[in-house]
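Participant: Below are the structure tokens for one structure; questions will follow.
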Amino acid sequence: MLGCGRQKRMSSIEDKLRSRSGNACELCASTEGLKALAVPPTGEHDSADRYIYACEPCRSQVLGTSELEATHWFCLRESIWSEVPAVQVVGYRLLKRLEGEGWAQDLIGQVYLSEEVQEWADSDVESDAIDAVVTLDSNGAQLADGDSVTLIKDLDVKGAGFVAKRGTMVRNIRLIDDPENIEGRVNKITLVLKTKFLKRVS
């Protein structure tokens, strides 16, 4: 099954994040490889307020898919003071993971979060990685941004008037915050595809 509704909702969220961030990473201010990153806990109908706009190096370290580089996060000396609660939450959680660094300890001591934001930040701080979600194909192989996959069954594309045939190649996929789905282009249309119907091309 493919979902157009969720893809439209994520597109709307990313538009709002681009506007809010000035089209720059809300953690390190990079302008490359930007994408929405959910700040857990999230729900089915969360708004842009539950996301941050982040570059690929920041996302991978936040998600725990790459090693935490302490020097990269010197940027938190500025971004932790953001007026955006979601950015405050991610910044605080990262500082807790970097508590062994003297500068991070000092910064935690200076940070003030509202009661509501502190509760949000603490709700996931026990985890070594924030929302460390791995996206797997139908065979359990891990998927990454830019991978190619093939469909393992015919899929009726609701609202588009065609059937995506088994064996169709989908190139340059894009991971989203839901590990059961990815985004990909089929017949020049960007769709959300369920990973259980996909096989990674090695």
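Residue numbering restarts at 1 for every chain of the structure tokens, chains are lettered A, B, ... in their displayed order, and ligands are numbered from 1 as they appear.
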Per DSSP on the backbone, what are the alpha helix (DSSP H) residues of segment 27-178 of chain A, as a PyMOL selection string?

Facilitator: chain A and resi 56-63+76-79+85-97+102-110+115-122

Participant: For Ala104 of chain A, work out the shell of residues within 10 Å, counting only C-alpha atoms and skipping chain neighbours fewer than 5 positions away, then give it as a list of chain:residue names.

Facilitator: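 Within the cut-off, the hits are A:Ala70, A:Trp73, A:Phe74, A:Leu76, A:Arg77, A:Tyr92, A:Leu94, A:Leu95, A:Lys96, A:Arg97, A:Leu98, A:Glu99, A:Gly109, A:Gln110.
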
Participant: Take the residues that were just selected and, keeping C-alpha atoms, output them as an mmCIF file, in the first residue's frame.

Facilitator:
```cif
data_model
loop_
_atom_site.group_PDB
_atom_site.id
_atom_site.type_symbol
_atom_site.label_atom_id
_atom_site.label_comp_id
_atom_site.auth_asym_id
_atom_site.auth_seq_id
_atom_site.Cartn_x
_atom_site.Cartn_y
_atom_site.Cartn_z
ATOM 1 C CA ALA A 70 31.713 16.203 20.576
ATOM 2 C CA TRP A 73 28.150 19.978 18.951
ATOM 3 C CA PHE A 74 29.956 23.143 19.981
ATOM 4 C CA LEU A 76 24.809 23.934 20.841
ATOM 5 C CA ARG A 77 26.372 26.901 22.612
ATOM 6 C CA TYR A 92 19.202 19.347 25.969
ATOM 7 C CA LEU A 94 22.398 15.937 23.242
ATOM 8 C CA LEU A 95 24.045 17.799 26.110
ATOM 9 C CA LYS A 96 22.991 15.000 28.465
ATOM 10 C CA ARG A 97 24.653 12.484 26.137
ATOM 11 C CA LEU A 98 27.797 14.679 26.146
ATOM 12 C CA GLU A 99 27.919 15.176 29.920
ATOM 13 C CA GLY A 109 24.100 24.218 34.207
ATOM 14 C CA GLN A 110 23.226 27.427 32.373
#
```

Participant: Ala160 of chain A: which residues within 10 Å, counting only C-alpha atoms, same-chain residues fewer than 4 positions away excluded, as a JSON list (two decimals) with N, CA and C atoms, in the first residue's frame?

Facilitator:
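around_15.json was written with the following content:
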```
[["chain", "number", "residue", "atom", "x", "y", "z"],
["A", 4, "CYS", "N", -0.64, 8.67, 0.00],
["A", 4, "CYS", "CA", -0.39, 10.02, -0.48],
["A", 4, "CYS", "C", -0.66, 11.05, 0.62],
["A", 156, "ASP", "N", -1.42, -1.00, -5.81],
["A", 156, "ASP", "CA", -2.38, -0.05, -6.36],
["A", 156, "ASP", "C", -2.11, 1.33, -5.77],
["A", 187, "ASN", "N", 6.81, 6.40, -11.52],
["A", 187, "ASN", "CA", 6.14, 7.10, -12.64],
["A", 187, "ASN", "C", 6.15, 8.61, -12.44],
["A", 189, "ILE", "N", 6.04, 10.31, -9.82],
["A", 189, "ILE", "CA", 5.23, 10.79, -8.70],
["A", 189, "ILE", "C", 5.91, 10.35, -7.40],
["A", 191, "LEU", "N", 5.88, 9.13, -3.78],
["A", 191, "LEU", "CA", 4.91, 8.38, -2.99],
["A", 191, "LEU", "C", 5.55, 7.87, -1.71]]
```

Participant: Enumerate the residues of segment 2-40 of chain A with a DSSP assignment of strand (DSSP E), computed from the backbone, and present them as a list in words.

Facilitator: Leu2, Gly3, Lys35, Ala36, Leu37 and Ala38 of chain A

Participant: Residues of the last selection are to be written out with N, CA and C atoms, as a PDB file, in the first residue's frame.

Facilitator:
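Produced file selection08.pdb, reproduced below:
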```
ATOM      1  N   LEU A   2       0.376   2.291  -0.654  1.00  0.00           N
ATOM      2  CA  LEU A   2       1.097   3.540  -0.711  1.00  0.00           C
ATOM      3  C   LEU A   2       0.191   4.627  -0.172  1.00  0.00           C
ATOM      4  N   GLY A   3       0.739   5.573   0.572  1.00  0.00           N
ATOM      5  CA  GLY A   3      -0.070   6.620   1.171  1.00  0.00           C
ATOM      6  C   GLY A   3       0.320   7.981   0.663  1.00  0.00           C
ATOM      7  N   LYS A  35      16.445  18.154   6.271  1.00  0.00           N
ATOM      8  CA  LYS A  35      15.280  17.271   6.294  1.00  0.00           C
ATOM      9  C   LYS A  35      14.614  17.363   7.658  1.00  0.00           C
ATOM     10  N   ALA A  36      13.301  17.132   7.676  1.00  0.00           N
ATOM     11  CA  ALA A  36      12.558  17.152   8.942  1.00  0.00           C
ATOM     12  C   ALA A  36      12.975  15.980   9.817  1.00  0.00           C
ATOM     13  N   LEU A  37      13.110  16.238  11.106  1.00  0.00           N
ATOM     14  CA  LEU A  37      13.451  15.197  12.072  1.00  0.00           C
ATOM     15  C   LEU A  37      12.455  15.271  13.219  1.00  0.00           C
ATOM     16  N   ALA A  38      11.725  14.177  13.439  1.00  0.00           N
ATOM     17  CA  ALA A  38      10.740  14.147  14.513  1.00  0.00           C
ATOM     18  C   ALA A  38      11.430  14.141  15.865  1.00  0.00           C
TER      19      ALA A  38
END
```

Participant: By how many Å are atom CA of Lys153 of chain A and atom CA of Arg174 of chain A apart?

Facilitator: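 Computing it gives 20.0 Å between the two atoms.
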
Participant: For Ala121 of chain A, find every residue with an atom within 12 Å (counting only C-alpha atoms), except residues of its own chain fewer than 6 positions away, and show them as a list in words.

Facilitator: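 Everything that qualifies: Val39, Pro40, Pro41, Arg50, Pro85, Ala86, Val87, Gln88, Val89, Val90, Gly91, Tyr92, Arg93, Leu94, Leu95, Lys96, Tyr112, Leu113, Ser114, Glu115, Ser127 and Ile130 of chain A.
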
Participant: Those same residues - N, CA and C atoms - I'd like them written as a PDB file, in the first residue's frame.

Facilitator:
```
ATOM      1  N   VAL A  39      10.828  14.840  16.820  1.00  0.00           N
ATOM      2  CA  VAL A  39      11.350  14.882  18.189  1.00  0.00           C
ATOM      3  C   VAL A  39      10.374  14.106  19.069  1.00  0.00           C
ATOM      4  N   PRO A  40      10.728  12.876  19.436  1.00  0.00           N
ATOM      5  CA  PRO A  40       9.801  12.019  20.174  1.00  0.00           C
ATOM      6  C   PRO A  40       9.558  12.518  21.597  1.00  0.00           C
ATOM      7  N   PRO A  41       8.440  12.086  22.193  1.00  0.00           N
ATOM      8  CA  PRO A  41       7.411  11.232  21.593  1.00  0.00           C
ATOM      9  C   PRO A  41       6.528  12.020  20.635  1.00  0.00           C
ATOM     10  N   ARG A  50       6.544  19.608  16.512  1.00  0.00           N
ATOM     11  CA  ARG A  50       7.175  18.393  17.046  1.00  0.00           C
ATOM     12  C   ARG A  50       8.341  17.932  16.174  1.00  0.00           C
ATOM     13  N   PRO A  85      10.770  25.213  21.051  1.00  0.00           N
ATOM     14  CA  PRO A  85      10.838  24.157  22.061  1.00  0.00           C
ATOM     15  C   PRO A  85      11.462  22.863  21.563  1.00  0.00           C
ATOM     16  N   ALA A  86      11.134  22.438  20.336  1.00  0.00           N
ATOM     17  CA  ALA A  86      11.681  21.183  19.808  1.00  0.00           C
ATOM     18  C   ALA A  86      13.201  21.244  19.701  1.00  0.00           C
ATOM     19  N   VAL A  87      13.732  22.392  19.330  1.00  0.00           N
ATOM     20  CA  VAL A  87      15.185  22.564  19.233  1.00  0.00           C
ATOM     21  C   VAL A  87      15.801  22.532  20.636  1.00  0.00           C
ATOM     22  N   GLN A  88      15.137  23.158  21.602  1.00  0.00           N
ATOM     23  CA  GLN A  88      15.599  23.126  22.987  1.00  0.00           C
ATOM     24  C   GLN A  88      15.670  21.678  23.497  1.00  0.00           C
ATOM     25  N   VAL A  89      14.636  20.897  23.180  1.00  0.00           N
ATOM     26  CA  VAL A  89      14.562  19.505  23.638  1.00  0.00           C
ATOM     27  C   VAL A  89      15.714  18.683  23.069  1.00  0.00           C
ATOM     28  N   VAL A  90      15.932  18.777  21.752  1.00  0.00           N
ATOM     29  CA  VAL A  90      17.014  18.012  21.128  1.00  0.00           C
ATOM     30  C   VAL A  90      18.363  18.473  21.669  1.00  0.00           C
ATOM     31  N   GLY A  91      18.540  19.789  21.806  1.00  0.00           N
ATOM     32  CA  GLY A  91      19.791  20.315  22.332  1.00  0.00           C
ATOM     33  C   GLY A  91      20.068  19.811  23.737  1.00  0.00           C
ATOM     34  N   TYR A  92      19.054  19.812  24.594  1.00  0.00           N
ATOM     35  CA  TYR A  92      19.202  19.347  25.969  1.00  0.00           C
ATOM     36  C   TYR A  92      19.565  17.860  26.001  1.00  0.00           C
ATOM     37  N   ARG A  93      18.870  17.052  25.203  1.00  0.00           N
ATOM     38  CA  ARG A  93      19.137  15.615  25.180  1.00  0.00           C
ATOM     39  C   ARG A  93      20.565  15.333  24.706  1.00  0.00           C
ATOM     40  N   LEU A  94      21.027  16.113  23.720  1.00  0.00           N
ATOM     41  CA  LEU A  94      22.398  15.937  23.242  1.00  0.00           C
ATOM     42  C   LEU A  94      23.405  16.317  24.325  1.00  0.00           C
ATOM     43  N   LEU A  95      23.143  17.393  25.033  1.00  0.00           N
ATOM     44  CA  LEU A  95      24.045  17.799  26.110  1.00  0.00           C
ATOM     45  C   LEU A  95      24.117  16.734  27.197  1.00  0.00           C
ATOM     46  N   LYS A  96      22.987  16.078  27.476  1.00  0.00           N
ATOM     47  CA  LYS A  96      22.991  15.000  28.465  1.00  0.00           C
ATOM     48  C   LYS A  96      23.855  13.827  27.988  1.00  0.00           C
ATOM     49  N   TYR A 112      18.002  27.022  30.957  1.00  0.00           N
ATOM     50  CA  TYR A 112      16.715  27.020  31.658  1.00  0.00           C
ATOM     51  C   TYR A 112      15.637  26.611  30.665  1.00  0.00           C
ATOM     52  N   LEU A 113      14.884  25.568  30.995  1.00  0.00           N
ATOM     53  CA  LEU A 113      13.759  25.129  30.176  1.00  0.00           C
ATOM     54  C   LEU A 113      12.472  25.332  30.966  1.00  0.00           C
ATOM     55  N   SER A 114      11.408  25.705  30.272  1.00  0.00           N
ATOM     56  CA  SER A 114      10.118  25.804  30.943  1.00  0.00           C
ATOM     57  C   SER A 114       9.730  24.420  31.460  1.00  0.00           C
ATOM     58  N   GLU A 115       8.809  24.378  32.396  1.00  0.00           N
ATOM     59  CA  GLU A 115       8.408  23.096  32.987  1.00  0.00           C
ATOM     60  C   GLU A 115       7.919  22.120  31.921  1.00  0.00           C
ATOM     61  N   SER A 127      17.205   7.105  26.925  1.00  0.00           N
ATOM     62  CA  SER A 127      17.734   6.389  25.765  1.00  0.00           C
ATOM     63  C   SER A 127      19.127   6.877  25.414  1.00  0.00           C
ATOM     64  N   ILE A 130      18.550   9.219  20.645  1.00  0.00           N
ATOM     65  CA  ILE A 130      17.219   9.805  20.565  1.00  0.00           C
ATOM     66  C   ILE A 130      16.503   9.239  19.351  1.00  0.00           C
TER      67      ILE A 130
END
```

Participant: Contacts of segment 9-16 of chain A at 9 Å or less, counting only C-alpha atoms, minus same-chain residues fewer than 6 places along, as a list in words?

Facilitator: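 With the cut-off at 9 Å, the set is Lys35, Ala36, His45, Ser47, Ala48, Asp49, Tyr51, Tyr53 and Ile176 of chain A.
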
Participant: Save out the residues we just selected, C-alpha atoms, as a JSON list (two decimals), in the first residue's frame.

Facilitator:
```json
[["chain", "number", "residue", "atom", "x", "y", "z"],
["A", 35, "LYS", "CA", 15.28, 17.27, 6.29],
["A", 36, "ALA", "CA", 12.56, 17.15, 8.94],
["A", 45, "HIS", "CA", -1.10, 13.94, 13.60],
["A", 47, "SER", "CA", 2.48, 19.42, 13.63],
["A", 48, "ALA", "CA", 5.76, 21.14, 12.71],
["A", 49, "ASP", "CA", 6.10, 22.02, 16.40],
["A", 51, "TYR", "CA", 9.93, 18.48, 14.41],
["A", 53, "TYR", "CA", 14.93, 20.98, 10.50],
["A", 176, "ILE", "CA", 11.18, 9.50, 6.83]]
```

Participant: From the list A:Gly159, A:Thr168, A:Glu101, A:Glu119, which residue is nearest Leu68 of chain A when using only C-alpha atoms?

Facilitator: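 Smallest distance to Leu68 of chain A is found for A:Glu101.
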
Participant: When you look at Glu183 of chain A with a cut-off of 12 Å (counting only C-alpha atoms), what residues show up, excluding the ones that are within fewer than 2 positions of it in the same chain? I need them as JSON, numbers by chain.

Facilitator: {"A": [2, 3, 4, 6, 7, 8, 10, 11, 135, 143, 144, 145, 146, 147, 148, 149, 170, 171, 172, 173, 174, 175, 176, 177, 178, 179, 180, 181, 185, 186, 189, 190, 191, 192, 193, 194, 195, 198]}

Participant: Smallest atom-to-atom distance to Thr71 of chain A: which of A:Gly102, A:Asp122, A:Glu83, A:Cys55, using only C-alpha atoms?

Facilitator: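 For Thr71 of chain A, the nearest of the given residues is A:Gly102.
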
Participant: Enter the distance from atom CA of Leu34 of chain A to atom CA of Cys58 of chain A, in Å, rounded to one decimal.

Facilitator: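 Spanning atom CA of Leu34 of chain A to atom CA of Cys58 of chain A is a straight-line distance of 9.6 Å.
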
Participant: Calculated over only C-alpha atoms, which of the candidates A:Ser66, A:Gln61, A:Ser79, A:Ser123 has the smallest distance to Glu26 of chain A?

Facilitator: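 Ranked by minimum distance to Glu26 of chain A, first place goes to A:Ser79.
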